[in-house]
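J.: Below is one structure. I have some questions about it.
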Amino acid sequence: MNPARPAPTAAVTVVGIGADGWEGLTDASRAALSEAEVLIGGPRQLDLLPPRCAGERIAWPSPLRPAVPGLLAAHAGRRIAVLASGDPMFYGIGRALAEEVGEAGALRVMPHPSSVSYAAARLGWPLEDVEVVTLVGRPAARLAAALYDGRRILVLSAGADTPGEVAALLRDRGFGASRMRVLEQLGGAREHTTAEATADDWPDARPPGDPLNIVAVTCRRAPDAPRLGAAPGLPDEAYEHDGQLTKRHVRAVTLGTLAPAPGELLWDIGGGSGSIAIEWMRTHPSCRAVTVERDPVRAARITRNADRLGVPGLRVVTGAAPSVLAELPPPDAVFIGGGLTGPGLLDACWEALPAGGRLVANTVTLESEALLADAHRRHGGELVRLAVAHAVPVGGFTGWRQAMPVTQWAAQKTLDTPSGANR
């Protein structure tokens with residue numbers, strides 16, 4: 001039997017530290033910092049260390065993420081300790097370091113309670129029932145996707161101005177009755193929690209508090225505010241549009257057929273108002289989408305809709321497909337809602353898909369329907385017609401008004417069906 005191999009020595013140690021500073025660290029964390037030859041962190045974190053931590057102190061530059069590879073390479077072979085706020089693997093620098101260092105054992109993480117854990121403890125909120133939204137380096141519009149009546153949210157602040165930005169967004173989205181508290185310097189000697197107030201009553205003149213804070217929100221929707229559910233098929237009124245909009249019922253079916261999963265990327269071709277891409281991204285925070293729209297006015301409208309509905313990370317490409325597709329990252333799924341008759345578009349989208357990728361295309365014209373029938377013959381999949389009728393007044397009675405039927409082709413690319421099979 002071979003003797004057990006010793007665990008590999010970590011090249012980088014990441015130490016979580018809270019507002020309580022050196023006193024709040026474990027003996028193991030203190031030892032790692034005391035023995036480090038290089039100490040990397042934010043200025044505030046480095047200032048928490050005593051003189052006994054004699055390693056060379058380096059403050060993170062801005063922007064931080066691009067600097068990580070260079071800093072690690074510059075100090076390779078030395079004992080490096082990186083300081084992080086709270087739990088380094090929870091919206092912290094630990095993720096970037098893990099992605100950079102890669103191999104198991106090269107990164108040693110020594111966590112500290114996160115500000116989220118402290119906040120939940122102070123508020124008496126079960127953490128598993130709380131939505132956490134970070135606005136650190138991200139637009140405040142991200143918060144809109146988490147707004148549901150009665151939901152509790154903990155917002156990781158980017159600084160002292162974040163609580164005011166949160167209150168303004170809540171008011172703008174019809175959640176002005178939501179209750180807010182700001183918890184500052186959690187775990188430290190200067191810990192403070194503000195009095196509870198509604199977003200409507202949050203005083204605009206209130207001076208910014210401590211920049212190290214977290215915002216607790218209990219959501220309350222105004223009775224006259226639009227109700228936006230978590231499932232695909234938001235009301236058509238939720239979108240600004242000029243008529244180029246995949247209507248609610250067809251949209252719900254289309255998203256169900258596309259079957260978004262966490263982390264996947266969608267190409268939305270012929271974005272119109274952006275509804276398919278937006279609702280794809282709303283299904284999970286890690287879902288990504290690129291929408292391609294050749295009309296600059298509509299492209300700007302898509303951006304506004306994405307911000308309004310809480311997915312400001314939607315990438316909008318202004319240009320004509322298929323010419324702009326070569327610049328895009330490979331998709332997991334493609335939706336074609338417009339431009340099907342463009343030369344080579346359908347084949348270009350099919351070729352771009354990996355094995356297991358899905359393609360869904362909708363049309364209302366006979367010319368595009370013929371293209372979908374041909375694609376169905378060549379690649380298989382499912383060809384369906386969706387028909388929706390709405391009850392409308394007919395004199396003193398009620399009758400049905402039929403919307404234009406939508407032909408939809410959906411197919412999944414498989415390993416045993418190479419591109420162009422059965423042509």
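As shown in the structure tokens, the chain order sets the letters A, B, ...; within each chain, residues go from 1, and ligands are also counted from 1 in the order they appear.
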Any idea what's packed within 12 Å of A:Gly229, counting only C-alpha atoms, ignoring anything in its chain fewer than 2 positions away? Could you give it as JSON, numbers by chain?

T.: {"A": [145, 146, 147, 148, 149, 226, 227, 231, 232, 233, 234, 235, 238, 252, 279, 282, 283, 309]}

J.: With only C-alpha atoms as the counted atoms, please give the residues lying no more than 12 Å from A:Glu37, apart from itself and same-chain residues fewer than 3 positions off, as a list in words.

T.: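 So the residues in contact are Ala11, Val12, Thr13, Ala32, Leu33, Ser34, Ile40, Arg52, Cys53, Ala54, Gly55, Glu56, Arg57, Ile58, His75, Ala76, Gly77, Arg78, Arg79, Ile80, Ala81 and Val82 of chain A.
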
J.: Please produce a file of the residues just selected, as an mmCIF file, in the first residue's frame, where the atoms kept are N, CA and C atoms.

T.:
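Once everything was written out, this is part.cif:
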```
data_model
loop_
_atom_site.group_PDB
_atom_site.id
_atom_site.type_symbol
_atom_site.label_atom_id
_atom_site.label_comp_id
_atom_site.auth_asym_id
_atom_site.auth_seq_id
_atom_site.Cartn_x
_atom_site.Cartn_y
_atom_site.Cartn_z
ATOM 1 N N ALA A 11 -0.913 27.705 -2.893
ATOM 2 C CA ALA A 11 -0.115 28.829 -3.391
ATOM 3 C C ALA A 11 -0.651 30.148 -2.880
ATOM 4 N N VAL A 12 -1.964 30.194 -2.654
ATOM 5 C CA VAL A 12 -2.626 31.425 -2.202
ATOM 6 C C VAL A 12 -3.583 31.080 -1.067
ATOM 7 N N THR A 13 -3.543 31.862 -0.008
ATOM 8 C CA THR A 13 -4.494 31.718 1.092
ATOM 9 C C THR A 13 -5.412 32.932 1.088
ATOM 10 N N ALA A 32 -2.020 32.563 9.322
ATOM 11 C CA ALA A 32 -1.822 32.660 7.874
ATOM 12 C C ALA A 32 -1.423 34.065 7.471
ATOM 13 N N LEU A 33 -2.015 35.066 8.104
ATOM 14 C CA LEU A 33 -1.698 36.450 7.774
ATOM 15 C C LEU A 33 -0.333 36.853 8.328
ATOM 16 N N SER A 34 0.000 36.344 9.500
ATOM 17 C CA SER A 34 1.286 36.695 10.104
ATOM 18 C C SER A 34 2.457 36.091 9.329
ATOM 19 N N ILE A 40 -2.451 41.007 0.158
ATOM 20 C CA ILE A 40 -3.201 41.735 -0.867
ATOM 21 C C ILE A 40 -4.628 41.938 -0.375
ATOM 22 N N ARG A 52 2.304 43.167 13.406
ATOM 23 C CA ARG A 52 2.925 41.836 13.378
ATOM 24 C C ARG A 52 2.769 41.159 12.017
ATOM 25 N N CYS A 53 1.797 41.608 11.221
ATOM 26 C CA CYS A 53 1.660 41.097 9.856
ATOM 27 C C CYS A 53 2.617 41.910 8.982
ATOM 28 N N ALA A 54 3.834 41.391 8.853
ATOM 29 C CA ALA A 54 4.932 42.177 8.285
ATOM 30 C C ALA A 54 5.106 42.001 6.785
ATOM 31 N N GLY A 55 4.232 41.210 6.148
ATOM 32 C CA GLY A 55 4.358 40.998 4.711
ATOM 33 C C GLY A 55 4.165 42.278 3.922
ATOM 34 N N GLU A 56 4.664 42.264 2.695
ATOM 35 C CA GLU A 56 4.489 43.413 1.801
ATOM 36 C C GLU A 56 3.003 43.632 1.530
ATOM 37 N N ARG A 57 2.532 44.833 1.763
ATOM 38 C CA ARG A 57 1.101 45.123 1.621
ATOM 39 C C ARG A 57 0.823 45.759 0.258
ATOM 40 N N ILE A 58 -0.135 45.157 -0.446
ATOM 41 C CA ILE A 58 -0.480 45.623 -1.791
ATOM 42 C C ILE A 58 -1.994 45.824 -1.856
ATOM 43 N N HIS A 75 4.191 37.696 -7.937
ATOM 44 C CA HIS A 75 4.639 37.241 -6.614
ATOM 45 C C HIS A 75 4.644 35.715 -6.518
ATOM 46 N N ALA A 76 4.751 35.057 -7.637
ATOM 47 C CA ALA A 76 4.799 33.594 -7.650
ATOM 48 C C ALA A 76 5.989 33.109 -6.830
ATOM 49 N N GLY A 77 5.770 32.037 -6.068
ATOM 50 C CA GLY A 77 6.830 31.479 -5.242
ATOM 51 C C GLY A 77 6.878 32.069 -3.844
ATOM 52 N N ARG A 78 6.122 33.118 -3.578
ATOM 53 C CA ARG A 78 6.065 33.718 -2.249
ATOM 54 C C ARG A 78 4.755 33.309 -1.571
ATOM 55 N N ARG A 79 4.745 33.399 -0.252
ATOM 56 C CA ARG A 79 3.524 33.070 0.493
ATOM 57 C C ARG A 79 2.569 34.276 0.383
ATOM 58 N N ILE A 80 1.476 34.058 -0.341
ATOM 59 C CA ILE A 80 0.514 35.133 -0.618
ATOM 60 C C ILE A 80 -0.734 34.922 0.228
ATOM 61 N N ALA A 81 -1.168 35.974 0.905
ATOM 62 C CA ALA A 81 -2.453 35.959 1.608
ATOM 63 C C ALA A 81 -3.315 37.096 1.065
ATOM 64 N N VAL A 82 -4.533 36.769 0.703
ATOM 65 C CA VAL A 82 -5.474 37.755 0.165
ATOM 66 C C VAL A 82 -6.576 37.975 1.183
#
```

J.: Using only C-alpha atoms, determine which residues lie at most 9 Å from A:Arg308, disregarding the query and same-chain residues fewer than 3 positions distant; provide the list as a VMD selection string.

T.: chain A and resid 141 144 to 145 173 238 to 239 303 to 305 311 to 312

J.: Select, from A:Asp172, A:Asp47, A:Asp332, A:Glu165, the residue with the minimum atom-to-atom distance to A:Pro262, counting only C-alpha atoms.

T.: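 So, comparing all the options, the nearest one is A:Asp332.
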
J.: If you run DSSP over the backbone, which residues in stretch 268-399 of chain A end up strand (DSSP E)? Put them as a ChimeraX atom specification.

T.: /A:268-269,288-293,315-318,333-336,358-363,382-386,389-394,397-399

J.: Kindly indicate which residue among A:Leu372, A:Leu212, A:Leu345, A:Ala300 lies nearest to A:Val406, using only C-alpha atoms for the distances.

T.: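 Smallest separation from A:Val406 among the options: A:Leu372.
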
J.: Report, in Å with one decimal, the straight-line distance from atom CA of A:Gly164 to atom CA of A:Met180.

T.: 10.4 Å

J.: Tell me which of A:Leu386, A:Leu46, A:Val290, A:Ala106 sits closest to A:Trp267, counting only C-alpha atoms.

T.: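 Of A:Leu386, A:Leu46, A:Val290, A:Ala106, the one nearest A:Trp267, counting only C-alpha atoms, is A:Val290.
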
J.: Using only C-alpha atoms, can you tell me which of A:Ala195, A:Gly16, A:Leu72, A:Gly24 comes closest to A:Phe90?

T.: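 Closest residue, counting only C-alpha atoms: A:Gly16.
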
J.: For A:Ile17, work out the shell of residues within 9 Å, counting only C-alpha atoms and skipping chain neighbours fewer than 2 positions away, then give it as a PyMOL selection string.

T.: chain A and resi 15+19-22+24-25+29+45+48+83-88+111-114
